[in-house]
>>> print(open('data12.tsv').read())   # TSV, C-alpha atoms and all ligand atoms
chain	number	residue	atom	x	y	z
A	1	MET	CA	-24.80	-28.34	58.37
A	2	VAL	CA	-22.48	-27.66	61.28
A	3	TYR	CA	-19.18	-26.03	60.42
A	4	ARG	CA	-16.29	-28.37	61.19
A	5	GLY	CA	-12.74	-27.26	60.56
A	6	ARG	CA	-9.41	-28.80	61.40
A	7	PHE	CA	-5.72	-28.21	61.86
A	8	ALA	CA	-3.70	-31.20	60.70
A	9	PRO	CA	0.00	-31.05	61.62
A	10	SER	CA	2.51	-33.77	60.77
A	11	PRO	CA	4.47	-34.84	63.84
A	12	THR	CA	7.78	-34.62	62.02
A	13	GLY	CA	8.91	-31.71	64.19
A	14	PRO	CA	7.54	-29.06	66.55
A	15	LEU	CA	5.24	-26.28	65.39
A	16	HIS	CA	7.10	-23.23	64.09
A	17	ALA	CA	5.96	-19.67	63.38
A	18	GLY	CA	4.64	-20.72	59.96
A	19	SER	CA	2.57	-23.62	61.23
A	20	LEU	CA	1.05	-21.41	63.95
A	21	VAL	CA	-0.29	-19.15	61.16
A	22	ALA	CA	-2.23	-22.08	59.68
A	23	ALA	CA	-3.36	-23.26	63.13
A	24	LEU	CA	-4.57	-19.81	64.15
A	25	ALA	CA	-6.34	-19.24	60.81
A	26	SER	CA	-8.25	-22.51	61.00
A	27	TRP	CA	-9.17	-21.84	64.65
A	28	LEU	CA	-10.35	-18.27	63.87
A	29	ASP	CA	-12.40	-19.44	60.90
A	30	ALA	CA	-14.12	-22.10	63.01
A	31	ARG	CA	-14.87	-19.61	65.79
A	32	ALA	CA	-16.01	-16.94	63.31
A	33	HIS	CA	-18.51	-19.46	61.90
A	34	GLY	CA	-19.60	-20.57	65.38
A	35	GLY	CA	-18.30	-23.98	64.38
A	36	GLN	CA	-16.12	-26.75	65.74
A	37	TRP	CA	-12.33	-26.92	65.50
A	38	LEU	CA	-10.58	-30.27	65.42
A	39	VAL	CA	-6.95	-31.35	65.40
A	40	ARG	CA	-5.69	-34.31	63.42
A	41	ILE	CA	-2.19	-35.71	63.81
A	42	GLU	CA	-1.10	-36.62	60.29
A	43	ASP	CA	1.40	-39.35	61.03
A	44	VAL	CA	0.60	-41.47	58.00
A	45	ASP	CA	4.18	-41.15	56.72
A	46	VAL	CA	5.41	-43.13	59.72
A	47	PRO	CA	9.14	-43.23	58.81
A	48	ARG	CA	9.28	-39.40	58.89
A	49	CYS	CA	7.43	-38.97	62.20
A	50	VAL	CA	9.10	-38.32	65.54
A	51	PRO	CA	7.76	-40.43	68.45
A	52	GLY	CA	5.91	-38.28	71.00
A	53	MET	CA	5.83	-35.26	68.69
A	54	GLY	CA	2.03	-35.38	68.33
A	55	GLN	CA	1.61	-34.82	72.06
A	56	PHE	CA	4.27	-32.11	72.00
A	57	ILE	CA	2.39	-30.24	69.26
A	58	LEU	CA	-0.88	-30.49	71.20
A	59	GLY	CA	0.97	-28.95	74.16
A	60	GLN	CA	2.24	-26.11	71.97
A	61	LEU	CA	-1.30	-25.43	70.73
A	62	ALA	CA	-2.67	-25.49	74.29
A	63	ALA	CA	0.05	-23.05	75.37
A	64	VAL	CA	-1.25	-20.47	72.88
A	65	GLY	CA	-4.88	-21.07	73.81
A	66	LEU	CA	-5.91	-23.20	70.82
A	67	MET	CA	-7.85	-26.14	72.23
A	68	PRO	CA	-9.60	-28.67	69.99
A	69	ASP	CA	-13.30	-29.33	70.55
A	70	GLU	CA	-12.87	-33.11	70.29
A	71	PRO	CA	-10.05	-35.53	71.12
A	72	PRO	CA	-7.47	-35.38	68.31
A	73	ARG	CA	-7.67	-37.98	65.56
A	74	VAL	CA	-4.43	-39.86	64.97
A	75	GLN	CA	-4.23	-40.74	61.31
A	76	SER	CA	-2.10	-43.88	61.60
A	77	GLU	CA	-4.77	-45.48	63.82
A	78	HIS	CA	-7.21	-45.54	60.93
A	79	SER	CA	-5.45	-47.51	58.23
A	80	PRO	CA	-8.35	-50.03	57.98
A	81	VAL	CA	-10.57	-47.11	56.86
A	82	HIS	CA	-7.91	-46.02	54.37
A	83	GLN	CA	-7.68	-49.58	53.07
A	84	GLN	CA	-11.46	-49.75	52.61
A	85	ALA	CA	-11.34	-46.62	50.48
A	86	LEU	CA	-8.58	-48.09	48.32
A	87	ASP	CA	-10.45	-51.38	47.99
A	88	ALA	CA	-13.60	-49.52	46.90
A	89	LEU	CA	-11.66	-47.70	44.18
A	90	VAL	CA	-10.01	-50.92	42.99
A	91	ALA	CA	-13.39	-52.68	42.86
A	92	ARG	CA	-14.67	-49.94	40.56
A	93	GLY	CA	-11.63	-50.01	38.30
A	94	LEU	CA	-10.47	-46.57	39.44
A	95	ALA	CA	-7.22	-47.66	41.11
A	96	TYR	CA	-4.57	-50.12	40.01
A	97	PRO	CA	-1.23	-51.56	41.10
A	98	CYS	CA	1.98	-50.22	39.58
A	99	ASP	CA	5.55	-51.45	40.00
A	100	CYS	CA	7.15	-48.72	37.91
A	101	SER	CA	10.39	-47.40	39.36
A	102	ARG	CA	11.47	-43.81	38.83
A	103	LYS	CA	13.72	-45.08	36.02
A	104	ASP	CA	10.76	-46.85	34.38
A	105	ILE	CA	8.72	-43.66	34.51
A	106	GLU	CA	11.60	-41.62	33.05
A	107	ALA	CA	11.95	-44.16	30.21
A	108	ALA	CA	8.20	-44.09	29.49
A	109	LEU	CA	8.23	-40.30	29.40
A	110	ALA	CA	11.26	-40.31	27.07
A	111	LEU	CA	9.38	-42.65	24.70
A	112	LEU	CA	6.48	-40.20	24.70
A	113	GLY	CA	8.97	-37.50	23.81
A	114	HIS	CA	8.30	-35.27	26.79
A	115	ALA	CA	9.95	-35.42	30.17
A	116	ARG	CA	7.23	-33.84	32.23
A	117	GLN	CA	8.33	-32.76	35.67
A	118	ARG	CA	6.50	-30.85	38.27
A	119	GLN	CA	8.07	-29.72	41.55
A	120	GLY	CA	10.67	-32.44	41.22
A	121	GLU	CA	7.98	-35.10	40.75
A	122	LEU	CA	7.67	-36.94	37.48
A	123	VAL	CA	4.23	-36.75	35.89
A	124	TYR	CA	3.15	-40.38	35.73
A	125	PRO	CA	2.13	-41.13	32.13
A	126	GLY	CA	-0.27	-43.96	33.02
A	127	THR	CA	2.03	-46.74	31.80
A	128	CYS	CA	0.35	-49.51	33.82
A	129	ARG	CA	-3.18	-48.15	33.75
A	130	ASN	CA	-4.87	-49.89	30.85
A	131	GLU	CA	-3.06	-53.19	31.07
A	132	ARG	CA	-3.52	-53.52	34.82
A	133	ILE	CA	-7.17	-52.52	34.80
A	134	ALA	CA	-7.87	-54.95	31.93
A	135	LEU	CA	-6.30	-57.76	33.97
A	136	ARG	CA	-8.05	-56.70	37.17
A	137	ALA	CA	-9.81	-60.04	37.70
A	138	GLU	CA	-6.40	-61.73	37.99
A	139	TRP	CA	-4.66	-59.53	40.53
A	140	THR	CA	-7.67	-58.84	42.75
A	141	GLN	CA	-7.81	-62.59	43.37
A	142	GLY	CA	-4.07	-62.81	43.97
A	143	ALA	CA	-2.56	-63.27	47.39
A	144	GLY	CA	-3.48	-60.43	49.70
A	145	GLY	CA	-5.33	-58.35	47.12
A	146	THR	CA	-4.55	-54.69	47.80
A	147	GLN	CA	-3.47	-55.41	51.37
A	148	THR	CA	0.19	-54.84	51.96
A	149	THR	CA	1.85	-54.41	55.28
A	150	PRO	CA	4.22	-51.53	55.93
A	151	GLN	CA	7.85	-52.24	55.11
A	152	SER	CA	7.12	-55.48	53.27
A	153	ASN	CA	9.13	-55.25	50.09
A	154	GLN	CA	8.23	-56.22	46.55
A	155	GLN	CA	4.72	-54.79	46.78
A	156	PRO	CA	3.28	-52.57	44.13
A	157	ALA	CA	2.24	-48.98	44.67
A	158	TRP	CA	-1.43	-48.23	44.05
A	159	ARG	CA	-2.43	-45.36	41.80
A	160	LEU	CA	-5.67	-43.51	41.10
A	161	ARG	CA	-6.61	-43.23	37.45
A	162	THR	CA	-7.14	-39.61	36.53
A	163	ASP	CA	-8.75	-40.05	33.13
A	164	PHE	CA	-12.28	-40.96	34.14
A	165	PHE	CA	-14.19	-37.77	34.84
A	166	PRO	CA	-17.13	-36.94	32.65
A	167	SER	CA	-16.92	-33.41	31.31
A	168	ASN	CA	-19.12	-30.68	32.72
A	169	GLU	CA	-19.72	-32.39	36.02
A	170	SER	CA	-20.77	-29.85	38.60
A	171	VAL	CA	-21.01	-30.63	42.30
A	172	ALA	CA	-21.69	-28.52	45.35
A	173	LEU	CA	-22.24	-28.97	49.03
A	174	VAL	CA	-25.82	-27.92	49.66
A	175	GLN	CA	-25.18	-25.56	52.53
A	176	TYR	CA	-22.04	-23.98	51.15
A	177	ALA	CA	-23.07	-24.13	47.50
A	178	LYS	CA	-21.82	-20.69	46.58
A	179	LEU	CA	-18.30	-21.27	47.82
A	180	ALA	CA	-17.81	-24.97	47.35
A	181	THR	CA	-18.99	-25.37	43.77
A	182	ILE	CA	-16.57	-27.41	41.77
A	183	LYS	CA	-16.82	-28.01	38.09
A	184	ILE	CA	-15.12	-30.18	35.55
A	185	ALA	CA	-15.07	-28.63	32.11
A	186	ASN	CA	-12.75	-29.55	29.25
A	187	GLU	CA	-11.07	-32.04	31.58
A	188	CYS	CA	-10.03	-29.22	33.85
A	189	LEU	CA	-11.10	-29.21	37.47
A	190	GLN	CA	-12.30	-25.81	38.63
A	191	TRP	CA	-12.91	-24.69	42.19
A	192	HIS	CA	-12.95	-21.61	44.34
A	193	ASP	CA	-10.48	-20.76	47.08
A	194	ARG	CA	-11.76	-18.18	49.58
A	195	ARG	CA	-8.47	-16.29	49.54
A	196	LEU	CA	-6.83	-17.23	46.24
A	197	GLY	CA	-10.03	-16.95	44.16
A	198	PRO	CA	-10.87	-19.15	41.14
A	199	GLN	CA	-8.50	-22.11	40.72
A	200	HIS	CA	-8.14	-24.78	38.07
A	201	GLN	CA	-5.97	-27.77	37.28
A	202	ASP	CA	-5.97	-30.59	34.76
A	203	VAL	CA	-4.95	-33.35	37.13
A	204	GLU	CA	-4.27	-35.94	34.44
A	205	LYS	CA	-1.96	-33.64	32.49
A	206	SER	CA	-0.21	-31.85	35.33
A	207	VAL	CA	0.09	-34.65	37.91
A	208	GLY	CA	-0.93	-37.91	36.26
A	209	ASP	CA	-2.24	-41.01	38.01
A	210	PHE	CA	-1.03	-40.30	41.52
A	211	PRO	CA	-0.24	-42.85	44.27
A	212	LEU	CA	-2.76	-43.78	46.96
A	213	LYS	CA	-0.61	-46.37	48.65
A	214	ARG	CA	3.15	-46.60	48.43
A	215	ALA	CA	5.27	-49.61	47.61
A	216	ASP	CA	6.41	-49.69	51.26
A	217	GLY	CA	2.80	-50.28	52.35
A	218	TYR	CA	2.03	-46.82	53.76
A	219	PHE	CA	-0.96	-44.84	52.53
A	220	THR	CA	-0.20	-41.54	50.88
A	221	TYR	CA	-0.99	-38.13	52.26
A	222	GLN	CA	-3.62	-37.57	49.54
A	223	LEU	CA	-5.65	-40.67	50.36
A	224	ALA	CA	-5.43	-40.26	54.15
A	225	VAL	CA	-6.41	-36.57	54.08
A	226	VAL	CA	-9.45	-37.14	51.89
A	227	VAL	CA	-10.69	-40.17	53.83
A	228	ASP	CA	-10.08	-38.54	57.22
A	229	ASP	CA	-11.66	-35.20	56.28
A	230	ALA	CA	-14.80	-37.11	55.31
A	231	ALA	CA	-14.67	-39.35	58.40
A	232	GLN	CA	-14.44	-36.26	60.61
A	233	GLY	CA	-17.20	-34.45	58.71
A	234	ILE	CA	-14.89	-31.55	57.80
A	235	THR	CA	-16.79	-28.81	55.96
A	236	HIS	CA	-13.99	-26.21	55.73
A	237	VAL	CA	-10.29	-26.68	55.10
A	238	VAL	CA	-8.08	-23.75	56.14
A	239	ARG	CA	-4.36	-24.46	55.70
A	240	GLY	CA	-1.10	-22.99	54.44
A	241	GLU	CA	-0.67	-22.03	50.82
A	242	ASP	CA	2.17	-24.55	50.47
A	243	LEU	CA	-0.57	-27.21	50.47
A	244	ALA	CA	-2.77	-25.44	47.89
A	245	ASP	CA	-1.34	-27.49	45.05
A	246	ASN	CA	-2.79	-30.69	46.58
A	247	THR	CA	-6.35	-29.39	46.38
A	248	ALA	CA	-7.15	-30.58	42.85
A	249	ARG	CA	-5.93	-34.10	43.61
A	250	GLN	CA	-7.95	-34.16	46.81
A	251	ILE	CA	-11.14	-32.96	45.10
A	252	PHE	CA	-10.54	-35.54	42.37
A	253	LEU	CA	-10.26	-38.26	44.99
A	254	GLN	CA	-13.37	-37.01	46.82
A	255	ARG	CA	-15.30	-37.30	43.56
A	256	ALA	CA	-13.93	-40.79	42.93
A	257	LEU	CA	-14.98	-41.90	46.42
A	258	GLY	CA	-18.32	-40.10	46.34
A	259	LEU	CA	-17.33	-37.88	49.29
A	260	PRO	CA	-18.33	-34.24	49.81
A	261	THR	CA	-15.90	-31.47	48.91
A	262	PRO	CA	-15.12	-28.99	51.71
A	263	VAL	CA	-14.67	-25.27	51.21
A	264	TYR	CA	-10.99	-24.30	50.86
A	265	LEU	CA	-9.01	-21.34	52.11
A	266	HIS	CA	-5.21	-21.24	51.85
A	267	THR	CA	-3.36	-18.85	54.15
A	268	PRO	CA	-0.27	-16.76	53.27
A	269	LEU	CA	3.11	-18.38	53.84
A	270	VAL	CA	5.58	-17.03	56.35
A	271	LEU	CA	9.00	-16.42	54.83
A	272	GLY	CA	12.22	-16.76	56.75
A	273	PRO	CA	15.09	-14.24	56.66
A	274	ASN	CA	16.44	-15.97	53.53
A	275	GLY	CA	13.17	-15.40	51.68
A	276	GLU	CA	12.28	-19.07	51.71
A	277	LYS	CA	9.13	-20.33	53.35
A	278	LEU	CA	9.52	-21.39	56.94
A	279	SER	CA	9.44	-25.16	57.18
A	280	LYS	CA	10.79	-27.97	59.25
A	281	GLN	CA	12.85	-29.03	56.23
A	282	ASN	CA	14.78	-25.78	56.10
A	283	GLY	CA	15.32	-25.64	59.82
A	284	ALA	CA	12.60	-23.31	61.14
A	285	GLN	CA	12.87	-22.73	64.88
A	286	ALA	CA	10.35	-24.39	67.16
A	287	LEU	CA	7.61	-22.00	68.21
A	288	ASP	CA	8.46	-20.07	71.36
A	289	THR	CA	5.38	-20.52	73.54
A	290	SER	CA	6.90	-18.86	76.61
A	291	ARG	CA	5.30	-15.60	75.41
A	292	PRO	CA	2.04	-16.85	73.87
A	293	LEU	CA	0.63	-13.45	72.94
A	294	ALA	CA	3.82	-12.47	71.12
A	295	ALA	CA	3.68	-15.70	69.12
A	296	LEU	CA	0.00	-15.16	68.33
A	297	ASN	CA	0.59	-11.53	67.39
A	298	ALA	CA	3.17	-12.53	64.79
A	299	ALA	CA	0.80	-15.13	63.36
A	300	ALA	CA	-2.11	-12.68	63.30
A	301	GLN	CA	-0.01	-10.14	61.42
A	302	ALA	CA	0.89	-12.75	58.80
A	303	LEU	CA	-2.86	-13.25	58.32
A	304	GLY	CA	-3.47	-9.53	57.76
A	305	LEU	CA	-4.99	-8.99	61.19
A	306	ALA	CA	-4.07	-6.09	63.44
A	307	SER	CA	-1.36	-6.68	65.97
A	308	LEU	CA	-2.76	-6.16	69.45
A	309	PRO	CA	-1.07	-4.11	72.14
A	310	SER	CA	1.60	-6.25	73.64
A	311	THR	CA	1.73	-4.42	76.95
A	312	ALA	CA	-0.23	-7.21	78.63
A	313	GLN	CA	2.48	-9.73	77.90
A	314	GLN	CA	5.52	-7.63	78.74
A	315	PRO	CA	6.80	-8.53	82.18
A	316	THR	CA	7.19	-5.44	84.30
A	317	PRO	CA	8.80	-5.15	87.71
A	318	CYS	CA	5.29	-5.24	89.22
A	319	THR	CA	4.31	-8.57	87.68
A	320	THR	CA	5.57	-11.92	88.71
A	321	GLU	CA	6.27	-14.93	86.55
A	322	THR	CA	2.91	-16.33	87.51
A	323	ALA	CA	1.00	-13.23	86.42
A	324	PRO	CA	-2.13	-14.46	84.62
A	325	GLN	CA	-1.88	-14.30	80.84
A	326	THR	CA	-5.11	-16.14	80.20
A	327	MET	CA	-7.34	-13.11	80.06
A	328	PRO	CA	-5.34	-11.00	77.62
A	329	MET	CA	-4.76	-14.02	75.35
A	330	THR	CA	-8.47	-14.87	75.33
A	331	ASP	CA	-9.32	-11.23	74.68
A	332	ALA	CA	-6.82	-11.12	71.82
A	333	LEU	CA	-8.21	-14.27	70.24
A	334	ASN	CA	-11.75	-12.91	70.51
A	335	ALA	CA	-10.70	-9.62	68.93
A	336	TRP	CA	-9.13	-11.49	66.02
A	337	VAL	CA	-12.28	-13.56	65.53
A	338	THR	CA	-14.16	-10.29	64.99
A	339	GLN	CA	-11.49	-9.04	62.58
A	340	TRP	CA	-11.46	-12.35	60.72
A	341	ARG	CA	-15.23	-12.17	60.32
A	342	SER	CA	-15.00	-8.82	58.57
A	343	LEU	CA	-11.88	-9.78	56.55
A	344	TYR	CA	-13.75	-12.73	55.03
A	345	ALA	CA	-17.16	-11.01	55.00
A	346	LEU	CA	-18.82	-13.54	57.28
A	347	ALA	CA	-22.20	-12.54	58.61
B	401	ZN	ZN	3.58	-48.91	36.61
>>> encode(input="data12.tsv", output="structure tokens", more="lines below")
Ligand SMILES: [Zn+2]
Amino acid sequence: MVYRGRFAPSPTGPLHAGSLVAALASWLDARAHGGQWLVRIEDVDVPRCVPGMGQFILGQLAAVGLMPDEPPRVQSEHSPVHQQALDALVARGLAYPCDCSRKDIEAALALLGHARQRQGELVYPGTCRNERIALRAEWTQGAGGTQTTPQSNQQPAWRLRTDFFPSNESVALVQYAKLATIKIANECLQWHDRRLGPQHQDVEKSVGDFPLKRADGYFTYQLAVVVDDAAQGITHVVRGEDLADNTARQIFLQRALGLPTPVYLHTPLVLGPNGEKLSKQNGAQALDTSRPLAALNAAAQALGLASLPSTAQQPTPCTTETAPQTMPMTDALNAWVTQWRSLYALA
């Protein structure tokens, strides 16, 4: 099996110092494995995306020497594939429509006597699950089936049922068996993260039946990531720790769709001066690519790699603006590949 990794930015704003850490880590891991590195533009949440930002991000990556091995995949161009996945789940009784508003969910939780919240998200108690799945024959024959068009109102959201796993299911990718083994025991999903170690989550209890398609007709991040990782043959996911919490849901969905589970590694987060993680939401500065090696050095340090001498990138009176930076940057990247290999004990 050929190693295939990816960096998957959302074009909601330019790359910042934190996103470069994830980009560099996934690139280094691909190179350290002698594998392929792909870029996917995750523009599935169309209303939040900035037109032209995908191209801008690709330019930022190129400026720091990170070039994908294949043309980038643009997520929003693949909604028919996402729809097929949803249809397959619906046909098997694993996904169902739900019109519950936030108020409805709050009321259902109050009736159950526990207002379960998690990171500001209500844990969906499965209100519509049994009734909707029992009446499946009716709504699958209704107008449009599961097909809704973006921005058309009055459509249901579509949720994945999270109560269907047999206990003690154990699955592994053949080639990466040692690292990618996942296990379901006592309704708890267990997996291994190459940096964070053993992980577990009871998806039904801690998240509930989560949405695959929103009421506004857009597919959710969870569905698009899982379908696209499989479509691109991704074997290794290396991304920021802020996304680690999605892993259980994504493995759950892979199992439901019969797709392979990649190996996961979540990289350390970069904190801003206020101690909060750098993100577009809290106003992180766009990455300064005018000094590529300086930007890469900062990212490498965040990953626990040695900072490389920055003399090559400091302009001196003897160098001109057009002094070649390509060689030192390539050398630096190669040096970090070697360091990465020993950090993660790769042969
Ligand atoms: Zn509902």
>>> axis_aligned_box(input="data12.tsv", around="range 31-47 of chain A", padding_each_side="8 Å", output="lines of an AutoDock Vina configuration file")
center_x = -5.2
center_y = -30.1
center_z = 61.3
size_x = 44.7
size_y = 42.3
size_z = 25.1
>>> closest_residue(input="data12.tsv", among="A:Tyr3, A:Trp37, A:Trp27, A:Trp191", to="Tyr264 in chain A", atoms="all atoms listed in the file")
A:Trp191
>>> residues_near_ligand(input="data12.tsv", ligand="ligand ZN 401 (chain B)", cutoff="6 Å", atoms="all atoms listed in the file", output="short mmCIF file (atom, residue, chain, number, x, y, z; two decimals) with C-alpha atoms, keeping the file's coordinate frame")
data_model
loop_
_atom_site.label_atom_id
_atom_site.label_comp_id
_atom_site.auth_asym_id
_atom_site.auth_seq_id
_atom_site.Cartn_x
_atom_site.Cartn_y
_atom_site.Cartn_z
CA CYS A 98 1.98 -50.22 39.58
CA ASP A 99 5.55 -51.45 40.00
CA CYS A 100 7.15 -48.72 37.91
CA THR A 127 2.03 -46.74 31.80
CA CYS A 128 0.35 -49.51 33.82
#
>>> atom_distance(input="data12.tsv", atom1="CA of His78 in chain A", atom2="CA of Asp43 in chain A")
10.6 Å
>>> residues_around(input="data12.tsv", residues="Gly59 in chain A", least_positions_apart="5", cutoff="12 Å", atoms="all atoms listed in the file", output="count of residues only")
14
>>> atom_distance(input="data12.tsv", atom1="CA of Leu196 in chain A", atom2="CA of Ala295 in chain A")
25.2 Å
>>> closest_residue(input="data12.tsv", among="A:Ala17, A:Ala256, A:Met1, A:Leu58", to="Gly272 in chain A", atoms="all atoms listed in the file")
A:Ala17
>>> closest_residue(input="data12.tsv", among="A:Gly35, A:Val90, A:Phe164, A:Pro268", to="Leu135 in chain A", atoms="only C-alpha atoms")
A:Val90
>>> atom_distance(input="data12.tsv", atom1="CA of Glu138 in chain A", atom2="CA of Leu112 in chain A")
28.4 Å
>>> residues_around(input="data12.tsv", residues="range 216-226 of chain A", least_positions_apart="2", cutoff="10 Å", atoms="all atoms listed in the file", output="NGL selection string")
:A and (8 or 40 or 42-47 or 75-76 or 78-79 or 81-83 or 85-86 or 146-158 or 160 or 210-214 or 228-231 or 234 or 246-247 or 249-254 or 257 or 259-262)
>>> write_last_selection(input="data12.tsv", atoms="C-alpha atoms", output="compact mmCIF listing (two decimals), keeping the file's coordinate frame")
# COMPACT_ATOMS: atom_id res chain seq x y z
CA ALA A 8 -3.70 -31.20 60.70
CA ARG A 40 -5.69 -34.31 63.42
CA GLU A 42 -1.10 -36.62 60.29
CA ASP A 43 1.40 -39.35 61.03
CA VAL A 44 0.60 -41.47 58.00
CA ASP A 45 4.18 -41.15 56.72
CA VAL A 46 5.41 -43.13 59.72
CA PRO A 47 9.14 -43.23 58.81
CA GLN A 75 -4.23 -40.74 61.31
CA SER A 76 -2.10 -43.88 61.60
CA HIS A 78 -7.21 -45.54 60.93
CA SER A 79 -5.45 -47.51 58.23
CA VAL A 81 -10.57 -47.11 56.86
CA HIS A 82 -7.91 -46.02 54.37
CA GLN A 83 -7.68 -49.58 53.07
CA ALA A 85 -11.34 -46.62 50.48
CA LEU A 86 -8.58 -48.09 48.32
CA THR A 146 -4.55 -54.69 47.80
CA GLN A 147 -3.47 -55.41 51.37
CA THR A 148 0.19 -54.84 51.96
CA THR A 149 1.85 -54.41 55.28
CA PRO A 150 4.22 -51.53 55.93
CA GLN A 151 7.85 -52.24 55.11
CA SER A 152 7.12 -55.48 53.27
CA ASN A 153 9.13 -55.25 50.09
CA GLN A 154 8.23 -56.22 46.55
CA GLN A 155 4.72 -54.79 46.78
CA PRO A 156 3.28 -52.57 44.13
CA ALA A 157 2.24 -48.98 44.67
CA TRP A 158 -1.43 -48.23 44.05
CA LEU A 160 -5.67 -43.51 41.10
CA PHE A 210 -1.03 -40.30 41.52
CA PRO A 211 -0.24 -42.85 44.27
CA LEU A 212 -2.76 -43.78 46.96
CA LYS A 213 -0.61 -46.37 48.65
CA ARG A 214 3.15 -46.60 48.43
CA ASP A 228 -10.08 -38.54 57.22
CA ASP A 229 -11.66 -35.20 56.28
CA ALA A 230 -14.80 -37.11 55.31
CA ALA A 231 -14.67 -39.35 58.40
CA ILE A 234 -14.89 -31.55 57.80
CA ASN A 246 -2.79 -30.69 46.58
CA THR A 247 -6.35 -29.39 46.38
CA ARG A 249 -5.93 -34.10 43.61
CA GLN A 250 -7.95 -34.16 46.81
CA ILE A 251 -11.14 -32.96 45.10
CA PHE A 252 -10.54 -35.54 42.37
CA LEU A 253 -10.26 -38.26 44.99
CA GLN A 254 -13.37 -37.01 46.82
CA LEU A 257 -14.98 -41.90 46.42
CA LEU A 259 -17.33 -37.88 49.29
CA PRO A 260 -18.33 -34.24 49.81
CA THR A 261 -15.90 -31.47 48.91
CA PRO A 262 -15.12 -28.99 51.71
>>> closest_residue(input="data12.tsv", among="A:Ala134, A:Leu109, A:Leu28, A:Cys188", to="Gly93 in chain A", atoms="only C-alpha atoms")
A:Ala134
>>> closest_residue(input="data12.tsv", among="A:Pro9, A:Ala91, A:Gly113, A:Pro51", to="Pro72 in chain A", atoms="only C-alpha atoms")
A:Pro9
>>> residues_around(input="data12.tsv", residues="Arg161 in chain A", least_positions_apart="5", cutoff="7 Å", atoms="only C-alpha atoms", output="NGL selection string")
:A and (94-95 or 209)
>>> closest_residue(input="data12.tsv", among="A:His33, A:Lys205, A:Arg48, A:His16", to="Lys280 in chain A", atoms="only C-alpha atoms")
A:His16
